[in-house]
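Comments concern the structure below.
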Amino acid sequence: MHARFSISRQDLIVAAVVLMAGLPCTGYSADAATDAKAKRAPALYLSEGITESQVQAVIEDIGDEMPSGAALWIGLVAGPIEADGNSLEWGPRGDVPDGFSIRPLDDPSNPYKDQYGPWDTWEYENYLQLCQDYGIGNMTRQERWDFFFSHTDDPRLDITQWHALVVSGDGFVIPCVVANSSTDTDSEGSVFSFGGATQYGGDWLGYYVSNAFSFNSCGRMDESLLSQRDEAIDVGRAPNVPLIPQWLAENPPMSLMFIPEDRFITFGPLGSWDDQETLSEHAWFCFNWAGELIAKTAPDQQWWFEMFFPGFRQTWDSLGGIPNVQFDDAFGMIRFYRQDTQEDLAYYDYYGTQLKDPYGNPDVGLYMHTFLFQIFQGSHIPAMYAAQQEQPAQ
């Protein structure tokens, strides 16, 4: 499902025609005085041999589903396409088209130029330095991963800290706080792409549209700057997370997780945010909105959801147990899978109810975009609470 965006099909056709008339394939920007809607017109990237009529055929196929500031890549598909559309060979999602480049943070036309924190500048300059010294900007995503893990002798390639620059389709770095704070999956901060194919003049065309690309790099940021960045991200999320009650803000635990029905899961008791002994106790607590303790993990329980799913370990054993079967939990779901093949075996909600179609469950879908079931650092809670008082959660 894709949201509709303000840019029109006519804007795209104009962009395609101008591009085919001779503009370079590194992007196109319409005259803002002529058309205010096209201030951030889509950047277009074409493989060799693509004709104007083929570009227009793809644009017609996309319709109005084109994010503002997106990148549109069009190329010839190398092989056959199955009827179910699952074998498109237009390239791995997330990689960038040839000719795409990141634009300077201080570019006068950059809509984010006044929103960057010092951590954004550090990550941008660190990435450019790695590009200059090692050419990682010319590597595929897999080549970058392989390079990082095989060249750890340089302290700038410290893989204990990963950094991801999220860059809009027209080349602007999206501030870290913006990229991590939205609950809208089609927002500028999300990596959104889709592909398709259309036969035109005997050629099968493959294409993808992205409103953002992610560039991975590594390197050790100063701990104080890293801490500032992480707190800024959590504060930026505050208007989109459930409301934090005053009693919780005044007595933050080591960490906090929001769950449905105005309840709060804490790691450690209230007021334990700077108590390292909490780590050894490994105790989870559940409070209601009024601050009343309604559940707590027992000494032999390790995971928060065992407060509500007492048969968790028996269920795990019945499916094969350690080491043959492993699990992960996200969005309030527990997924059991085979260790060797990664095959899904079963899904349960955190109350221990088996889910036959977990991603078709409307409740689960709701949880996936509201920062529920995500861990927040306790020391950030007072600042998040203050941000909510200025701009209450929706």
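Chain labels follow the order of the structure tokens: the first chain is A, the next B, and so on; residue numbering restarts at 1 in every chain, and ligands are counted from 1 in their shown order.
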**Study point:** Pro252 (chain A) environment, 8 Å, only C-alpha atoms, sequence neighbours closer than 5 positions dropped, as a PyMOL selection string
**Key:** chain A and resi 270-273+378-379+381-382
Where in region 134-324 of chain A does DSSP assign helix (DSSP H, G or I), given as an mmCIF file with C-alpha atoms, in the first residue's frame?
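Heads up, here's the output in states_7.cif:
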```
data_model
loop_
_atom_site.group_PDB
_atom_site.id
_atom_site.type_symbol
_atom_site.label_atom_id
_atom_site.label_comp_id
_atom_site.auth_asym_id
_atom_site.auth_seq_id
_atom_site.Cartn_x
_atom_site.Cartn_y
_atom_site.Cartn_z
ATOM 1 C CA TYR A 134 38.445 3.618 0.632
ATOM 2 C CA ILE A 136 32.981 2.828 -0.140
ATOM 3 C CA GLY A 137 30.602 5.120 -2.038
ATOM 4 C CA ASN A 138 31.268 3.070 -5.181
ATOM 5 C CA ARG A 141 25.728 -2.720 -0.092
ATOM 6 C CA GLN A 142 27.145 -6.252 0.255
ATOM 7 C CA GLU A 143 30.625 -5.113 -0.782
ATOM 8 C CA ARG A 144 30.533 -2.435 1.945
ATOM 9 C CA TRP A 145 29.567 -4.969 4.614
ATOM 10 C CA ASP A 146 32.337 -7.339 3.492
ATOM 11 C CA PHE A 147 34.855 -4.495 3.474
ATOM 12 C CA PHE A 148 33.954 -3.255 6.967
ATOM 13 C CA PHE A 149 34.296 -6.703 8.492
ATOM 14 C CA SER A 150 37.622 -7.440 6.801
ATOM 15 C CA PRO A 155 40.082 2.730 13.987
ATOM 16 C CA ARG A 156 37.758 4.617 11.629
ATOM 17 C CA LEU A 157 36.401 1.206 10.611
ATOM 18 C CA CYS A 176 18.902 11.701 12.212
ATOM 19 C CA VAL A 177 16.076 12.871 14.483
ATOM 20 C CA VAL A 178 13.685 13.339 11.543
ATOM 21 C CA ALA A 179 14.588 9.986 10.010
ATOM 22 C CA ASN A 180 13.996 8.119 13.265
ATOM 23 C CA SER A 181 10.988 9.941 14.717
ATOM 24 C CA GLU A 223 30.558 8.879 23.659
ATOM 25 C CA SER A 224 29.110 12.202 24.809
ATOM 26 C CA LEU A 225 28.056 13.113 21.253
ATOM 27 C CA LEU A 226 26.578 9.643 20.761
ATOM 28 C CA SER A 227 24.598 10.037 23.976
ATOM 29 C CA GLN A 228 23.325 13.456 22.852
ATOM 30 C CA ARG A 229 22.217 11.963 19.542
ATOM 31 C CA ASP A 230 20.357 9.072 21.154
ATOM 32 C CA GLU A 231 18.546 11.380 23.572
ATOM 33 C CA ALA A 232 17.636 13.770 20.742
ATOM 34 C CA ILE A 233 16.108 10.845 18.811
ATOM 35 C CA ASP A 234 14.008 9.765 21.792
ATOM 36 C CA VAL A 235 12.885 13.340 22.472
ATOM 37 C CA GLY A 236 11.995 13.680 18.787
ATOM 38 C CA ARG A 237 9.836 10.558 19.089
ATOM 39 C CA ALA A 238 8.083 11.808 22.234
ATOM 40 C CA PRO A 239 5.051 13.372 20.447
ATOM 41 C CA ASN A 240 4.437 10.028 18.711
ATOM 42 C CA GLN A 246 4.275 12.432 35.793
ATOM 43 C CA TRP A 247 5.042 9.722 38.364
ATOM 44 C CA LEU A 248 7.087 7.839 35.750
ATOM 45 C CA ALA A 249 8.994 10.947 34.613
ATOM 46 C CA GLU A 250 9.913 11.742 38.218
ATOM 47 C CA GLU A 277 22.754 -3.426 40.256
ATOM 48 C CA THR A 278 19.505 -3.552 38.289
ATOM 49 C CA LEU A 279 21.349 -5.350 35.507
ATOM 50 C CA SER A 280 22.238 -8.291 37.724
ATOM 51 C CA GLU A 281 18.667 -8.619 39.062
ATOM 52 C CA TRP A 304 9.334 -9.357 29.967
ATOM 53 C CA PHE A 305 6.492 -11.227 28.238
ATOM 54 C CA GLU A 306 6.840 -14.157 30.682
ATOM 55 C CA MET A 307 4.731 -12.031 33.038
ATOM 56 C CA PHE A 312 6.410 -19.712 27.155
ATOM 57 C CA ARG A 313 9.227 -22.141 27.972
ATOM 58 C CA GLN A 314 6.976 -25.178 27.706
ATOM 59 C CA THR A 315 5.775 -23.946 24.305
ATOM 60 C CA TRP A 316 9.393 -23.488 23.229
ATOM 61 C CA ASP A 317 10.266 -27.023 24.315
ATOM 62 C CA SER A 318 7.229 -28.465 22.525
#
```
Check your understanding: Using only C-alpha atoms, which of A:Asp275, A:Glu65, A:Asp158, A:Glu48 sits nearest Ser255 (chain A)?
Key ->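 Going through A:Asp275, A:Glu65, A:Asp158, A:Glu48 one by one, the smallest distance to Ser255 (chain A) is for A:Asp275.
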Review point. How far is it from CA of Thr160 (chain A) to CA of Met384 (chain A), in Å with one decimal?
Key: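 Going from CA of Thr160 (chain A) over to CA of Met384 (chain A), I get 27.1 Å.
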Practice item. Find the spatial neighbours of Glu343 (chain A), counting only C-alpha atoms, within a cut-off of 12 Å - ignore same-chain residues fewer than 3 positions away - and output them as a list in words. Key: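 With the cut-off at 12 Å, the set is Asn324, Val325, Gln326, Phe327, Arg335, Phe336, Tyr337, Arg338, Gln339, Asp340, Ala346 and Tyr347 of chain A.
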Review point. Hey, what's within 9 Å of region 106-114 of chain A if we count only C-alpha atoms and toss same-chain stuff fewer than 2 positions away? As a list in words, please?
Key: Lys39, Arg103, Pro104, Tyr116, Gly117, Phe172, Val173, Ile174 and Pro175 of chain A
Check your understanding: Pick the closest to Ala383 (chain A) from A:Cys131, A:Ile244, A:Ile102, A:Leu345: which is it, counting only C-alpha atoms?
Key -> A:Ile244
Exercise for review: Going by DSSP on the backbone, which bits of region 32-175 of chain A are strand (DSSP E)? Write them as an MDAnalysis selection string, please.
Suggested key: chainID A and resid 43:46 71:76 162:168
Exercise for review: Compile the contact shell of Gly75 (chain A) as a list in words: residues with an atom at most 7 Å away, counting only C-alpha atoms, same-chain residues fewer than 2 positions apart removed.
Suggested key: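 Close residues of Gly75 (chain A): Leu46, Ser47, Ile50, Trp73, Val77, Leu205, Gly206 and Tyr207 of chain A.
Distances here use only C-alpha atoms; by that measure, the residue among A:Tyr208, A:His380, A:Ser101, A:Gly219 closest to Ile159 (chain A) is A:Gly219.
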Practice item. Kindly give the distance, in Å, that separates CA of Gln199 (chain A) and CA of Gln56 (chain A), rounded to a single decimal. Key: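 Separation between CA of Gln199 (chain A) and CA of Gln56 (chain A): 12.2 Å.
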